[in-house]
Each structure stands twice: as C-alpha cells, then as structure tokens.
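Reading through the structure tokens given below for one structure.
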Amino acid sequence: MKNAKYLGSELLSFAAAKLPDERNGTKARAAPSRRAGRTLPTRYIDLFERAPVGYLTVDRRGRIGLFNPGAARLFGMDGASIAGRLLGKLVSAESRSRIATFLAQLFGERRRLICKIEVPSKEGQPETAELVGTVSEDGNECYIVATNISARRRNTKEMKRSQAELRKLSARLVAVREEERTALARELHDGLGQMLTALTLDIAWLQRRIERFVDPEKRKESLARARELRKNIDEAIAIVRRTSSELRPASLELMGLWPALEGEAARFASRSGVKCVVRPFAQAARLQNPGLSVALFRIVQEALTNIARHAKASLVEIACEESAAGCKLTIVDDGRGISEVESSDPNSLGLIGMRERARSFGGEFSIAGAPDSGSRVTVLIPAKALRGTP
Ligand SMILES: Nc1ncnc2c1ncn2[C@@H]1O[C@H](COP(=O)(O)OP(=O)(O)OP(=O)(O)O)[C@@H](O)[C@H]1O
Ligand SMILES: [Mg+2]
C-alpha cells in the first residue's frame, strides 16, 4: 500500500473536487481557506485513508488512479496496490459488463450515477457493493465512492432478527409472569383461603363450648378471646381474597373483561378518590380470548396507576369498542396531560410494558396529552387477534 503522503497534491484535487463549496469559495472566504490550507493535506489524507468506504478515481479506459485502503479492501486486495489496475478486472465476471456500461454512461452523461456490482470476499461468497460515480470537471476521470452493502444488509437483518428475538423473549416473560400470578392466586385462594375458612368453623365450635362454661368470669374472658381470634381470621380472609384478586381477578376468568374492569375501577376510585367510569361494552365472543383480556386488563391497571401517581385528575373514563377492524380500548383522564418528552422517554418502562403487551397481539399503543387537558391512552387490537389463543 502506498504511503498516504505519497498521494500528495493529487489527493487534494480529488478531495477538492468532492467539496464544491470550498472549491467555489468566494474571495471573502479566501483568507480563512488559505489559513486552513496549511493543515488541509493531512486532514484530507487522514479522511481519505481512514474512511470506512472505498474512494477511487478511474480514467476513461477504466484504469484506477487514486484509491484508498477502503477501496483495496472492498475489492479483496487488502494491503495491496490497485493503482493502474482495470476496475472491470477486480469485480466478478458477471459484473464486468455492468462496470463497462456504468463507466460509459458516466463519461457520456456526466452526471451522478449509481451501480451495484459483485465483488469477491474472503469467505468465498461474493458480496454486493454500491458504486456512486461522478465525473471530474475536465471529463477525463471519474470519482467513485464504493460501499459494501452486503455488510449493511447483514447488519440490518441481524438487527431485525435480534429485535424479533427480544420481542419474543419479552412476550414469554410476560406470559410466565401471568402464569405464576394465576398459580399463586389459586394457591392463595384455594389453599390458604380454605384453611382460614375451616378455622372460622373451629372457632364457632369453640365459642359454643365456651358458652357452657359455668364460671362467668372465665366464660367472659374466653369468649372475648375467641371473638378477637375470629376477627383476626376474618381480616386474614379479606387480605387473602384481595391479594389473590389483585394477582389475577377471578372475575376476569369467570365473567370476562368488562366486570373485571368495573371491579378495578371501583377499587381505583376508593383508593385514589378519582371518579372512574367504565363505559359498558358488549362482550362479544371475540373478546373472550383470555390472553387478550388479561393483556387489556393489565394495560388498564398500569394506566390507572399512572393516573393516580402522575395525572392529578378528577375523572377517568374507560371505553372499549369493537368493530370489524378489531377493538379499541381508551383510557382518558382530565389531569395535567402527559408531555411529548415523557411519552417518548425510552426509560418509561411502564409505557414500554403497555406497548409490548399490545404488540404481542399485533396491536398498537399510544399515549398523548395536552397541557391541563388530560391524557389519552389508546390501544388498537386487530380483528384477527381477538379470537386467537393467548
Ligand atoms: N396519565 C398521565 N398523566 C400525566 N403524566 C403521565 C401519565 N401517564 C404517564 N405519565 C408520565 O409518563 C411517565 C412514564 O410513565 P411510566 O409508567 O413509564 O413510568 P412511571 O409510572 O414513572 O414508573 P413505573 O416504571 O413504576 O411505571 C411518568 O413518569 C409520568 O411523568
Ligand atoms: Mg407507571
């Protein structure tokens, strides 16, 4: 490979030709240019040498003049000189005629042209390169920028693949969490709940026995203790019910989304003091997809938590409409209104969670607000997802 300095003034003219603004600079700009001129060669040589793309000049006969390491690398000649070589000889046999046409058109039409060719690669599989050519002012040579687009395509493909994988993983994690919640809710409700109910029966038996105590002092004291015990067990039963219902509302499975949302809205209103209305909606068979009902329910739960924490609202309205296109869930509040910065913040995990839940059913999620006019969460689920299994 020729030393960068070897390219000298020739390289400068190449770079200058690529930078019409500097080349056509007015007199007013001449002074700063002259000053910059002292450092210009090194600056351009550095750019030229280190560029991740290939730069080369080609004359009318197709011979390469100047080139940078990126160009040699692209044509599989890493570290070697390609100066004086015919460009057509460095590409695959199939691309040779394309190069000939490209150069003929470039010199003939003298306008910027693009051409895709195949170049050899170390792995044996030819790679695709994109050549962007322009012709010098005197029309004797052309400047070509050559980019390996196979790598770009591979990277894009790889990025899409890993995005799809992450999406699958996140959907799986959400599903596993739901399964665990359901199992825990059942265990709490059926296991602990039933055991506590059995204890209340035992206490009732004990109370009947205590009533028969002869000593009034002892009877009074024991009855008071038994009542206290009963009260504590009742409280424990209420906690078990509430926790199990929070983990997975039984109404969601038994009666569907609407009654479950009504229950959630009532709980939210009593906790936060914010009025919450769920517009009645027909629970068509299509919304009986249990996985989807759970996803929509969780989205509403997160939206309500956000309203309680951030919105300073006094009214929330939840609606779910079905149409031939699918279903549309909206949660509207009259609070301070989410800002664009907040809604597009990549660290908003609550919002990301809602979006991912909608996406796992091929749906869309959005949240928008206006200052002091509230916020609106919209979830659109396509019709084909309404019947599917979770
Ligand atoms: N209804 C709303 N009204 C006003 N601001 C909101 C509303 N919903 C969300 N926000 C804003 O958007 C931000 C992001 O919400 P997100 O749910 O992602 O995070 P968070 O609630 O702050 O934390 P968490 O991860 O616990 O959910 C919130 O911090 C809040 O500033
Ligand atoms: Mg949140």
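Order determines the names: the first chain of the structure tokens is A, the second B, and so forth; residues in each chain are numbered 1 upward, and ligands are numbered 1 upward as they are shown.
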Could you give me the residues within 10 Å of ligand 2, counting only C-alpha atoms and all ligand atoms, as a ChimeraX atom specification?
/A:301-310,348-354
Produce a table with one row for each residue of chain A that has an atom at most 12 Å from any atom of ligand 1, each row naming the nearest atom pair and its distance in Å at one decimal; use only C-alpha atoms and all ligand atoms; arrange rows by chain and rising residue number; format as CSV.
```
residue,atom,partner,partner_atom_place_in_ligand_line,distance
A:Ile299,CA,ligand 1,17 (O),10.3
A:Val300,CA,ligand 1,1 (N),11.1
A:Gln301,CA,ligand 1,27 (O),10.6
A:Glu302,CA,ligand 1,17 (O),6.8
A:Ala303,CA,ligand 1,8 (N),6.5
A:Leu304,CA,ligand 1,1 (N),7.6
A:Thr305,CA,ligand 1,21 (O),7.3
A:Asn306,CA,ligand 1,8 (N),4.6
A:Ile307,CA,ligand 1,1 (N),4.3
A:Ala308,CA,ligand 1,1 (N),8.0
A:Arg309,CA,ligand 1,21 (O),7.0
A:His310,CA,ligand 1,5 (N),5.0
A:Ala311,CA,ligand 1,3 (N),3.8
A:Lys312,CA,ligand 1,3 (N),7.6
A:Ala313,CA,ligand 1,3 (N),8.0
A:Ser314,CA,ligand 1,1 (N),11.5
A:Leu315,CA,ligand 1,1 (N),11.1
A:Val316,CA,ligand 1,1 (N),9.5
A:Glu317,CA,ligand 1,1 (N),11.7
A:Thr330,CA,ligand 1,1 (N),11.8
A:Ile331,CA,ligand 1,1 (N),8.8
A:Val332,CA,ligand 1,1 (N),7.9
A:Asp333,CA,ligand 1,1 (N),6.5
A:Asp334,CA,ligand 1,1 (N),8.5
A:Gly335,CA,ligand 1,3 (N),6.1
A:Arg336,CA,ligand 1,4 (C),5.8
A:Gly337,CA,ligand 1,4 (C),4.7
A:Ile338,CA,ligand 1,5 (N),3.9
A:Ser339,CA,ligand 1,5 (N),7.0
A:Glu340,CA,ligand 1,12 (O),9.1
A:Val341,CA,ligand 1,12 (O),8.6
A:Glu342,CA,ligand 1,12 (O),4.8
A:Ser343,CA,ligand 1,12 (O),5.6
A:Ser344,CA,ligand 1,12 (O),8.6
A:Asp345,CA,ligand 1,14 (C),7.4
A:Pro346,CA,ligand 1,18 (O),8.7
A:Asn347,CA,ligand 1,18 (O),7.0
A:Ser348,CA,ligand 1,18 (O),3.3
A:Leu349,CA,ligand 1,18 (O),4.4
A:Gly350,CA,ligand 1,18 (O),3.4
A:Leu351,CA,ligand 1,18 (O),4.0
A:Ile352,CA,ligand 1,18 (O),6.5
A:Gly353,CA,ligand 1,18 (O),7.8
A:Met354,CA,ligand 1,17 (O),8.6
A:Arg355,CA,ligand 1,18 (O),10.2
A:Ser366,CA,ligand 1,8 (N),11.0
A:Ile367,CA,ligand 1,8 (N),7.8
A:Ala368,CA,ligand 1,2 (C),8.8
A:Gly369,CA,ligand 1,3 (N),7.4
A:Ala370,CA,ligand 1,4 (C),9.4
A:Pro371,CA,ligand 1,4 (C),9.2
A:Asp372,CA,ligand 1,4 (C),9.4
A:Ser373,CA,ligand 1,3 (N),9.8
A:Gly374,CA,ligand 1,3 (N),6.6
A:Ser375,CA,ligand 1,1 (N),5.3
A:Arg376,CA,ligand 1,1 (N),7.3
A:Val377,CA,ligand 1,1 (N),7.9
A:Thr378,CA,ligand 1,1 (N),11.7
```
Near-segment 46-57 of chain A list (6 Å; only C-alpha atoms; drop same-chain fewer than 6 positions) as a PyMOL selection string:
chain A and resi 64-68+70-71+142-147
Could you go through segment 101-190 of chain A and tell me which residues DSSP, when run on the backbone, assigns to alpha helix (DSSP H), listing them as a PyMOL selection string?
chain A and resi 101-109+149-186
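All residues of segment 288-346 of chain A that DSSP, run on the backbone, classes as strand (DSSP E or B) are Leu315, Val316, Glu317, Ile318, Ala319, Cys320, Glu321, Glu322, Ser323, Gly326, Cys327, Lys328, Leu329, Thr330, Ile331, Val332 and Asp333 of chain A.
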Using only N, CA and C atoms, please write the residues we just selected to a file, as an mmCIF file, in the first residue's frame.
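Result file follows (part.cif):
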```cif
data_model
loop_
_atom_site.group_PDB
_atom_site.id
_atom_site.type_symbol
_atom_site.label_atom_id
_atom_site.label_comp_id
_atom_site.auth_asym_id
_atom_site.auth_seq_id
_atom_site.Cartn_x
_atom_site.Cartn_y
_atom_site.Cartn_z
ATOM 1 N N LEU A 315 -61.350 12.833 36.965
ATOM 2 C CA LEU A 315 -62.261 11.895 36.288
ATOM 3 C C LEU A 315 -61.491 11.033 35.279
ATOM 4 N N VAL A 316 -61.819 9.745 35.284
ATOM 5 C CA VAL A 316 -61.222 8.837 34.295
ATOM 6 C C VAL A 316 -62.348 8.109 33.578
ATOM 7 N N GLU A 317 -62.224 7.972 32.267
ATOM 8 C CA GLU A 317 -63.232 7.214 31.508
ATOM 9 C C GLU A 317 -62.544 6.104 30.732
ATOM 10 N N ILE A 318 -63.072 4.895 30.894
ATOM 11 C CA ILE A 318 -62.500 3.746 30.188
ATOM 12 C C ILE A 318 -63.557 3.248 29.199
ATOM 13 N N ALA A 319 -63.153 3.041 27.961
ATOM 14 C CA ALA A 319 -64.107 2.529 26.962
ATOM 15 C C ALA A 319 -63.427 1.493 26.099
ATOM 16 N N CYS A 320 -64.209 0.558 25.617
ATOM 17 C CA CYS A 320 -63.660 -0.473 24.734
ATOM 18 C C CYS A 320 -64.687 -0.719 23.628
ATOM 19 N N GLU A 321 -64.306 -0.361 22.404
ATOM 20 C CA GLU A 321 -65.262 -0.520 21.296
ATOM 21 C C GLU A 321 -64.770 -1.599 20.359
ATOM 22 N N GLU A 322 -65.713 -2.382 19.888
ATOM 23 C CA GLU A 322 -65.354 -3.405 18.896
ATOM 24 C C GLU A 322 -65.921 -3.016 17.541
ATOM 25 N N SER A 323 -65.166 -3.291 16.515
ATOM 26 C CA SER A 323 -65.675 -3.059 15.162
ATOM 27 C C SER A 323 -65.114 -4.170 14.292
ATOM 28 N N GLY A 326 -61.388 -4.510 14.543
ATOM 29 C CA GLY A 326 -60.757 -5.020 15.761
ATOM 30 C C GLY A 326 -61.345 -4.359 16.979
ATOM 31 N N CYS A 327 -60.535 -4.161 18.019
ATOM 32 C CA CYS A 327 -61.093 -3.471 19.183
ATOM 33 C C CYS A 327 -60.192 -2.310 19.590
ATOM 34 N N LYS A 328 -60.840 -1.292 20.143
ATOM 35 C CA LYS A 328 -60.122 -0.075 20.524
ATOM 36 C C LYS A 328 -60.425 0.217 21.984
ATOM 37 N N LEU A 329 -59.366 0.211 22.779
ATOM 38 C CA LEU A 329 -59.507 0.493 24.206
ATOM 39 C C LEU A 329 -58.971 1.892 24.461
ATOM 40 N N THR A 330 -59.746 2.720 25.183
ATOM 41 C CA THR A 330 -59.231 4.058 25.513
ATOM 42 C C THR A 330 -59.375 4.315 27.005
ATOM 43 N N ILE A 331 -58.377 4.967 27.553
ATOM 44 C CA ILE A 331 -58.420 5.378 28.962
ATOM 45 C C ILE A 331 -58.101 6.872 28.950
ATOM 46 N N VAL A 332 -59.097 7.667 29.287
ATOM 47 C CA VAL A 332 -58.947 9.124 29.178
ATOM 48 C C VAL A 332 -59.042 9.752 30.558
ATOM 49 N N ASP A 333 -58.101 10.635 30.884
ATOM 50 C CA ASP A 333 -58.201 11.350 32.164
ATOM 51 C C ASP A 333 -58.208 12.856 31.913
#
```
Show which residues sit within 10 Å of Phe102 of chain A, as a list in words. Count only C-alpha atoms, and ignore same-chain residues fewer than 2 positions away.
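My list of contacting residues is Arg96, Ser97, Arg98, Ile99, Ala100, Ala104, Gln105, Leu106, Phe107, Gly108, Leu113, Ile114, Cys115, Lys116, Leu131, Val132 and Gly133 of chain A.
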Would you export the selected residues with N, CA and C atoms as an mmCIF file, in the first residue's frame, please?
```cif
data_model
loop_
_atom_site.group_PDB
_atom_site.id
_atom_site.type_symbol
_atom_site.label_atom_id
_atom_site.label_comp_id
_atom_site.auth_asym_id
_atom_site.auth_seq_id
_atom_site.Cartn_x
_atom_site.Cartn_y
_atom_site.Cartn_z
ATOM 1 N N ARG A 96 -18.674 -7.490 -14.789
ATOM 2 C CA ARG A 96 -17.741 -6.799 -15.685
ATOM 3 C C ARG A 96 -18.473 -5.909 -16.705
ATOM 4 N N SER A 97 -19.522 -6.499 -17.320
ATOM 5 C CA SER A 97 -20.229 -5.718 -18.340
ATOM 6 C C SER A 97 -20.980 -4.560 -17.688
ATOM 7 N N ARG A 98 -21.413 -4.791 -16.450
ATOM 8 C CA ARG A 98 -22.123 -3.704 -15.755
ATOM 9 C C ARG A 98 -21.171 -2.521 -15.510
ATOM 10 N N ILE A 99 -19.920 -2.848 -15.152
ATOM 11 C CA ILE A 99 -18.913 -1.792 -14.934
ATOM 12 C C ILE A 99 -18.684 -1.021 -16.241
ATOM 13 N N ALA A 100 -18.588 -1.784 -17.356
ATOM 14 C CA ALA A 100 -18.330 -1.142 -18.656
ATOM 15 C C ALA A 100 -19.459 -0.166 -18.985
ATOM 16 N N ALA A 104 -19.215 3.925 -19.208
ATOM 17 C CA ALA A 104 -19.591 4.565 -20.475
ATOM 18 C C ALA A 104 -20.672 5.614 -20.223
ATOM 19 N N GLN A 105 -21.631 5.260 -19.398
ATOM 20 C CA GLN A 105 -22.736 6.201 -19.093
ATOM 21 C C GLN A 105 -22.216 7.404 -18.316
ATOM 22 N N LEU A 106 -21.333 7.117 -17.341
ATOM 23 C CA LEU A 106 -20.786 8.197 -16.514
ATOM 24 C C LEU A 106 -20.088 9.244 -17.377
ATOM 25 N N PHE A 107 -19.148 8.759 -18.234
ATOM 26 C CA PHE A 107 -18.387 9.698 -19.058
ATOM 27 C C PHE A 107 -19.257 10.321 -20.162
ATOM 28 N N GLY A 108 -20.281 9.558 -20.586
ATOM 29 C CA GLY A 108 -21.166 10.071 -21.631
ATOM 30 C C GLY A 108 -22.125 11.113 -21.087
ATOM 31 N N LEU A 113 -24.136 8.837 -11.048
ATOM 32 C CA LEU A 113 -24.818 7.563 -11.328
ATOM 33 C C LEU A 113 -24.477 6.534 -10.260
ATOM 34 N N ILE A 114 -25.391 5.591 -10.098
ATOM 35 C CA ILE A 114 -25.189 4.534 -9.090
ATOM 36 C C ILE A 114 -25.212 3.185 -9.782
ATOM 37 N N CYS A 115 -24.355 2.267 -9.323
ATOM 38 C CA CYS A 115 -24.333 0.940 -9.942
ATOM 39 C C CYS A 115 -24.027 -0.095 -8.862
ATOM 40 N N LYS A 116 -24.690 -1.234 -8.940
ATOM 41 C CA LYS A 116 -24.439 -2.294 -7.946
ATOM 42 C C LYS A 116 -23.669 -3.417 -8.627
ATOM 43 N N LEU A 131 -21.591 1.392 -6.145
ATOM 44 C CA LEU A 131 -20.660 2.410 -6.622
ATOM 45 C C LEU A 131 -21.445 3.670 -6.947
ATOM 46 N N VAL A 132 -20.981 4.782 -6.403
ATOM 47 C CA VAL A 132 -21.609 6.062 -6.737
ATOM 48 C C VAL A 132 -20.543 6.879 -7.481
ATOM 49 N N GLY A 133 -20.822 7.195 -8.727
ATOM 50 C CA GLY A 133 -19.793 7.855 -9.538
ATOM 51 C C GLY A 133 -20.176 9.252 -9.981
#
```
Please report, as CSV, each residue of segment 190-300 of chain A lying at most 12 Å from segment 159-182 of chain A, together with the nearest pair of atoms and the separation in Å rounded to one decimal; use only C-alpha atoms, and order rows by chain and ascending residue number.
```
residue,atom,partner,partner_atom,distance
A:Asp190,CA,A:Thr182,CA,11.7
A:Thr243,CA,A:Arg181,CA,10.4
A:Ser244,CA,A:Thr182,CA,8.5
A:Ser245,CA,A:Thr182,CA,9.6
A:Glu246,CA,A:Arg181,CA,9.2
A:Leu247,CA,A:Arg181,CA,5.4
A:Arg248,CA,A:Thr182,CA,5.7
A:Pro249,CA,A:Thr182,CA,9.0
A:Ala250,CA,A:Thr182,CA,9.4
A:Leu252,CA,A:Thr182,CA,11.3
A:Glu253,CA,A:Thr182,CA,10.3
A:Pro290,CA,A:Glu178,CA,11.3
A:Gly291,CA,A:Ala175,CA,8.6
A:Leu292,CA,A:Ala175,CA,11.2
A:Ser293,CA,A:Glu178,CA,11.9
A:Val294,CA,A:Glu178,CA,8.4
A:Ala295,CA,A:Val174,CA,9.3
A:Phe297,CA,A:Glu178,CA,11.7
A:Arg298,CA,A:Glu178,CA,10.0
```
Let me see the file: selected residues, N, CA and C atoms, as a PDB file, in the first residue's frame.
```pdb
ATOM      1  N   ASP A 190     -57.446 -20.959  47.065  1.00  0.00           N
ATOM      2  CA  ASP A 190     -57.936 -22.309  47.354  1.00  0.00           C
ATOM      3  C   ASP A 190     -57.249 -22.921  48.576  1.00  0.00           C
ATOM      4  N   THR A 243     -55.598 -10.002  47.883  1.00  0.00           N
ATOM      5  CA  THR A 243     -54.308 -10.259  47.234  1.00  0.00           C
ATOM      6  C   THR A 243     -54.491 -11.185  46.045  1.00  0.00           C
ATOM      7  N   SER A 244     -55.296 -12.214  46.236  1.00  0.00           N
ATOM      8  CA  SER A 244     -55.452 -13.161  45.125  1.00  0.00           C
ATOM      9  C   SER A 244     -56.180 -12.488  43.966  1.00  0.00           C
ATOM     10  N   SER A 245     -57.118 -11.600  44.298  1.00  0.00           N
ATOM     11  CA  SER A 245     -57.839 -10.909  43.231  1.00  0.00           C
ATOM     12  C   SER A 245     -56.931  -9.904  42.524  1.00  0.00           C
ATOM     13  N   GLU A 246     -56.016  -9.277  43.293  1.00  0.00           N
ATOM     14  CA  GLU A 246     -55.085  -8.348  42.649  1.00  0.00           C
ATOM     15  C   GLU A 246     -54.118  -9.092  41.739  1.00  0.00           C
ATOM     16  N   LEU A 247     -53.740 -10.279  42.177  1.00  0.00           N
ATOM     17  CA  LEU A 247     -52.823 -11.070  41.356  1.00  0.00           C
ATOM     18  C   LEU A 247     -53.486 -11.485  40.051  1.00  0.00           C
ATOM     19  N   ARG A 248     -54.716 -11.919  40.147  1.00  0.00           N
ATOM     20  CA  ARG A 248     -55.466 -12.332  38.959  1.00  0.00           C
ATOM     21  C   ARG A 248     -56.951 -12.309  39.287  1.00  0.00           C
ATOM     22  N   PRO A 249     -57.659 -11.237  38.889  1.00  0.00           N
ATOM     23  CA  PRO A 249     -59.069 -11.149  39.273  1.00  0.00           C
ATOM     24  C   PRO A 249     -59.864 -12.355  38.772  1.00  0.00           C
ATOM     25  N   ALA A 250     -60.553 -13.013  39.701  1.00  0.00           N
ATOM     26  CA  ALA A 250     -61.328 -14.199  39.316  1.00  0.00           C
ATOM     27  C   ALA A 250     -62.402 -13.809  38.314  1.00  0.00           C
ATOM     28  N   LEU A 252     -62.226 -11.876  35.893  1.00  0.00           N
ATOM     29  CA  LEU A 252     -61.694 -11.829  34.530  1.00  0.00           C
ATOM     30  C   LEU A 252     -61.890 -13.184  33.848  1.00  0.00           C
ATOM     31  N   GLU A 253     -61.602 -14.236  34.602  1.00  0.00           N
ATOM     32  CA  GLU A 253     -61.757 -15.581  34.033  1.00  0.00           C
ATOM     33  C   GLU A 253     -63.213 -16.001  33.993  1.00  0.00           C
ATOM     34  N   PRO A 290     -58.741 -15.267  26.309  1.00  0.00           N
ATOM     35  CA  PRO A 290     -58.311 -14.967  27.673  1.00  0.00           C
ATOM     36  C   PRO A 290     -56.994 -14.205  27.743  1.00  0.00           C
ATOM     37  N   GLY A 291     -56.059 -14.562  26.864  1.00  0.00           N
ATOM     38  CA  GLY A 291     -54.758 -13.884  26.875  1.00  0.00           C
ATOM     39  C   GLY A 291     -54.924 -12.408  26.595  1.00  0.00           C
ATOM     40  N   LEU A 292     -55.785 -12.079  25.637  1.00  0.00           N
ATOM     41  CA  LEU A 292     -56.006 -10.685  25.262  1.00  0.00           C
ATOM     42  C   LEU A 292     -56.718  -9.935  26.386  1.00  0.00           C
ATOM     43  N   SER A 293     -57.708 -10.598  27.005  1.00  0.00           N
ATOM     44  CA  SER A 293     -58.423  -9.947  28.116  1.00  0.00           C
ATOM     45  C   SER A 293     -57.438  -9.592  29.222  1.00  0.00           C
ATOM     46  N   VAL A 294     -56.529 -10.529  29.533  1.00  0.00           N
ATOM     47  CA  VAL A 294     -55.549 -10.261  30.589  1.00  0.00           C
ATOM     48  C   VAL A 294     -54.658  -9.079  30.183  1.00  0.00           C
ATOM     49  N   ALA A 295     -54.209  -9.081  28.905  1.00  0.00           N
ATOM     50  CA  ALA A 295     -53.319  -8.000  28.438  1.00  0.00           C
ATOM     51  C   ALA A 295     -54.025  -6.644  28.562  1.00  0.00           C
ATOM     52  N   PHE A 297     -56.541  -5.888  30.462  1.00  0.00           N
ATOM     53  CA  PHE A 297     -56.754  -5.602  31.886  1.00  0.00           C
ATOM     54  C   PHE A 297     -55.486  -5.023  32.509  1.00  0.00           C
ATOM     55  N   ARG A 298     -54.345  -5.630  32.202  1.00  0.00           N
ATOM     56  CA  ARG A 298     -53.073  -5.141  32.776  1.00  0.00           C
ATOM     57  C   ARG A 298     -52.738  -3.740  32.261  1.00  0.00           C
TER      58      ARG A 298
END
```
So that I can check the surroundings of Ser81 of chain A, please list as a VMD selection string every protein, DNA and RNA residue that reaches within 9 Å of it, counting only C-alpha atoms and ignoring chain neighbours fewer than 2 positions away.
chain A and resid 1 to 2 67 69 72 77 to 79 83 to 85
With N, CA and C atoms retained, write the just-selected residues as a PDB file, in the first residue's frame.
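Below is the file part-v4.pdb, written as the result:
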```pdb
ATOM      1  N   MET A   1       0.833  -1.200   0.000  1.00  0.00           N
ATOM      2  CA  MET A   1       0.000   0.000   0.000  1.00  0.00           C
ATOM      3  C   MET A   1       0.860   1.239   0.000  1.00  0.00           C
ATOM      4  N   LYS A   2       0.529   2.186  -0.834  1.00  0.00           N
ATOM      5  CA  LYS A   2       1.338   3.402  -0.870  1.00  0.00           C
ATOM      6  C   LYS A   2       1.094   4.199   0.396  1.00  0.00           C
ATOM      7  N   PHE A  67      -6.603   5.634  -5.014  1.00  0.00           N
ATOM      8  CA  PHE A  67      -7.522   4.754  -4.276  1.00  0.00           C
ATOM      9  C   PHE A  67      -7.156   4.849  -2.800  1.00  0.00           C
ATOM     10  N   PRO A  69      -7.334   2.757   1.202  1.00  0.00           N
ATOM     11  CA  PRO A  69      -7.313   1.375   1.688  1.00  0.00           C
ATOM     12  C   PRO A  69      -8.694   0.732   1.656  1.00  0.00           C
ATOM     13  N   ALA A  72      -9.242  -0.823  -1.756  1.00  0.00           N
ATOM     14  CA  ALA A  72      -8.484  -2.060  -1.964  1.00  0.00           C
ATOM     15  C   ALA A  72      -9.131  -3.197  -1.188  1.00  0.00           C
ATOM     16  N   MET A  77      -8.342  -6.795  -2.111  1.00  0.00           N
ATOM     17  CA  MET A  77      -6.897  -6.622  -2.303  1.00  0.00           C
ATOM     18  C   MET A  77      -6.311  -5.878  -1.104  1.00  0.00           C
ATOM     19  N   ASP A  78      -6.783  -6.240   0.068  1.00  0.00           N
ATOM     20  CA  ASP A  78      -6.376  -5.565   1.286  1.00  0.00           C
ATOM     21  C   ASP A  78      -4.849  -5.471   1.376  1.00  0.00           C
ATOM     22  N   GLY A  79      -4.344  -4.270   1.580  1.00  0.00           N
ATOM     23  CA  GLY A  79      -2.897  -4.088   1.761  1.00  0.00           C
ATOM     24  C   GLY A  79      -2.121  -4.030   0.452  1.00  0.00           C
ATOM     25  N   ALA A  83      -3.605   0.634  -7.929  1.00  0.00           N
ATOM     26  CA  ALA A  83      -3.375   1.714  -8.890  1.00  0.00           C
ATOM     27  C   ALA A  83      -2.945   1.113 -10.220  1.00  0.00           C
ATOM     28  N   GLY A  84      -3.514   1.617 -11.302  1.00  0.00           N
ATOM     29  CA  GLY A  84      -3.138   1.137 -12.635  1.00  0.00           C
ATOM     30  C   GLY A  84      -3.912  -0.107 -13.064  1.00  0.00           C
ATOM     31  N   ARG A  85      -4.653  -0.727 -12.139  1.00  0.00           N
ATOM     32  CA  ARG A  85      -5.430  -1.922 -12.492  1.00  0.00           C
ATOM     33  C   ARG A  85      -6.731  -1.508 -13.170  1.00  0.00           C
TER      34      ARG A  85
END
```
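Reported to one decimal place, the separation of atom CA of Ile203 of chain A from atom CA of Arg230 of chain A is 6.7 Å.
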Show me, as a list of chain:residue names, the residues that have an atom within 12 Å of Ala151 of chain A when counting only C-alpha atoms, minus same-chain residues fewer than 3 positions from it.
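My list of contacting residues is A:Pro52, A:Val53, A:Leu74, A:Ser121, A:Pro126, A:Glu127, A:Thr128, A:Ala129, A:Glu130, A:Thr147, A:Asn148, A:Arg154, A:Asn155, A:Thr156, A:Lys157, A:Glu158, A:Met159.
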Hey, can you spit out that residue selection with C-alpha atoms as a compact mmCIF listing (two decimals), in the first residue's frame?
```txt
# COMPACT_ATOMS: atom_id res chain seq x y z
CA PRO A 52 -14.78 3.05 6.06
CA VAL A 53 -15.82 3.23 2.40
CA LEU A 74 -13.54 -3.79 -0.91
CA SER A 121 -14.93 -11.82 -0.49
CA PRO A 126 -19.44 -12.72 -3.43
CA GLU A 127 -20.55 -9.51 -1.72
CA THR A 128 -22.58 -6.68 -3.16
CA ALA A 129 -21.01 -3.24 -3.48
CA GLU A 130 -22.66 0.01 -4.45
CA THR A 147 -19.60 0.81 -0.29
CA ASN A 148 -20.02 -2.82 0.67
CA ARG A 154 -26.42 -8.31 7.04
CA ASN A 155 -26.38 -5.85 9.94
CA THR A 156 -29.94 -4.74 9.25
CA LYS A 157 -31.04 -8.37 9.01
CA GLU A 158 -29.19 -9.22 12.21
CA MET A 159 -30.71 -6.23 13.99
```
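Rounded to one decimal, atom CA of Lys220 of chain A and atom CA of Gln207 of chain A lie 10.8 Å from each other.
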Which value, in Å to one decimal, gives the distance between atom CA of Leu90 of chain A and atom CA of Phe75 of chain A?
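Result for atom CA of Leu90 of chain A versus atom CA of Phe75 of chain A: 6.1 Å, one decimal.
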